[in-house]
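J.: I have a structure here, written as structure tokens, and I will follow up with some questions on it.
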Amino acid sequence: MTTLPLRIGTRGSPLALAQAHETRDRLIAAHPHLAAPGAIEIVVLKTTGDRILDRTLAEAGGKGLFTKELEEALFDGRADLAVHSMKDVPTQLPDGLEIASFLPREDPRDAFFSRSGGGLADLPAGAVVGTAGLRRQAQVLELRPDLTIFPLRGNVQTRLSKLDAGEVDATLLALAGLRRLGLTGRITAVLEPETMLPAVAQGAIGIEIRSADDATRALIAPLNCPETATRVTAERSLLAALDGSCRTPIAALALLDGDALHLRVKVLSNDGQRVFRAERRGSAAEAAALGADAGAEIKAQLPPDFFTP
């Protein structure tokens, strides 16, 4: 039996709170007794990634910057579960913690915003694209080496305000977050995976718990989306095989059609001029193996110093 209140750990950004509220609402739908006043408490924590805004995540230390404090809260009992954007979660979790449930995945594509209208191909030569993510930077430069990249961090509202202020000519954001925040009306274009392959697990929300907490595991079990779990497993298995981090432009997308899984992978140099691709097809049950195999294929092609910061 779970002791109430059930405490949901989350970052304090508008998007993180929207994801925590979605988790709360799904928990109440699955367990009506949790609708009682005070039965669920949302615990807001500031992470290292939220504090560091003057440099890119790669420079600050890579993945884990948005999860460390949430995981500490799980360990010390301030939270019973933590809600994460799975693209921010390292492939290796601390001993004693696990991702026990995935909410249904949102659209994983990237959204494009431009002050001049049109898509990436319509930007004039020399236009400034604001993005701090190496994956987006590398794919922009792969397609348009004539563009200028400006490191732009912050939440959705911050980045759009800098676009409005003319600090950049265009920027990119995850479509999933915009949909969850109700901010899709400003999108100039949605970039298809053939143009901009998404980040590993982009659009997926994972719920992390203490491995020994069977009561919380039982509560969140009805929230799990098997399709999302399969797709994310393939993509994260690839990432683990590559030993990838925020210092490396890695893009991947797994799609599931019935039991048929299709995984596409792309690893790039930071300037977008060297590109390594792999593709796998198989059954849903082979998700982890397909990801690991695709990762091994690409890793065998990479120069020895490719992952060196």
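Note on naming: chains are A, B, ... as they come in the structure tokens, residues start from 1 per chain, ligands start from 1 in the order shown.
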Which polymer residues have any atom within 12 Å of an atom of Gly177 in chain A, counting only C-alpha atoms, with same-chain residues fewer than 6 positions away left out, as JSON, numbers by chain?
T.: {"A": [13, 14, 15, 16, 17, 18, 19, 85, 87, 105, 106, 107, 108, 109, 110, 111, 155, 156, 157, 183, 184, 202, 203, 204, 205]}
J.: Using DSSP on the backbone, list every residue of range 41-239 of chain A that comes out as strand (DSSP E), and give them as an MDAnalysis selection string.
T.: chainID A and resid 41:44 81:85 97:102 110:114 128:130 148:150 170:174 189:191 205:210
J.: I'd like the neighbourhood of Ala170 in chain A as a PyMOL selection string, where a residue qualifies if any of its atoms comes within 7 Å (using only C-alpha atoms), though same-chain residues fewer than 3 positions away should be ignored.
T.: chain A and resi 113-115+128-130+163
J.: Grab the residues selected above and save them as a CSV table (one decimal), in the first residue's frame with C-alpha atoms.
T.:
chain,number,residue,atom,x,y,z
A,113,PHE,CA,10.6,29.1,-36.5
A,114,SER,CA,11.7,31.9,-38.8
A,115,ARG,CA,11.1,35.6,-38.8
A,128,VAL,CA,21.6,33.1,-38.1
A,129,VAL,CA,20.0,30.0,-36.6
A,130,GLY,CA,19.8,29.9,-32.8
A,163,LEU,CA,13.7,35.2,-32.0
J.: Which is closer to Gly126 in chain A than all the others in A:Leu256, A:Leu141, A:Ala212, A:Leu181, using only C-alpha atoms?
T.: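 Comparing A:Leu256, A:Leu141, A:Ala212, A:Leu181 against Gly126 in chain A, the winner is A:Leu141.
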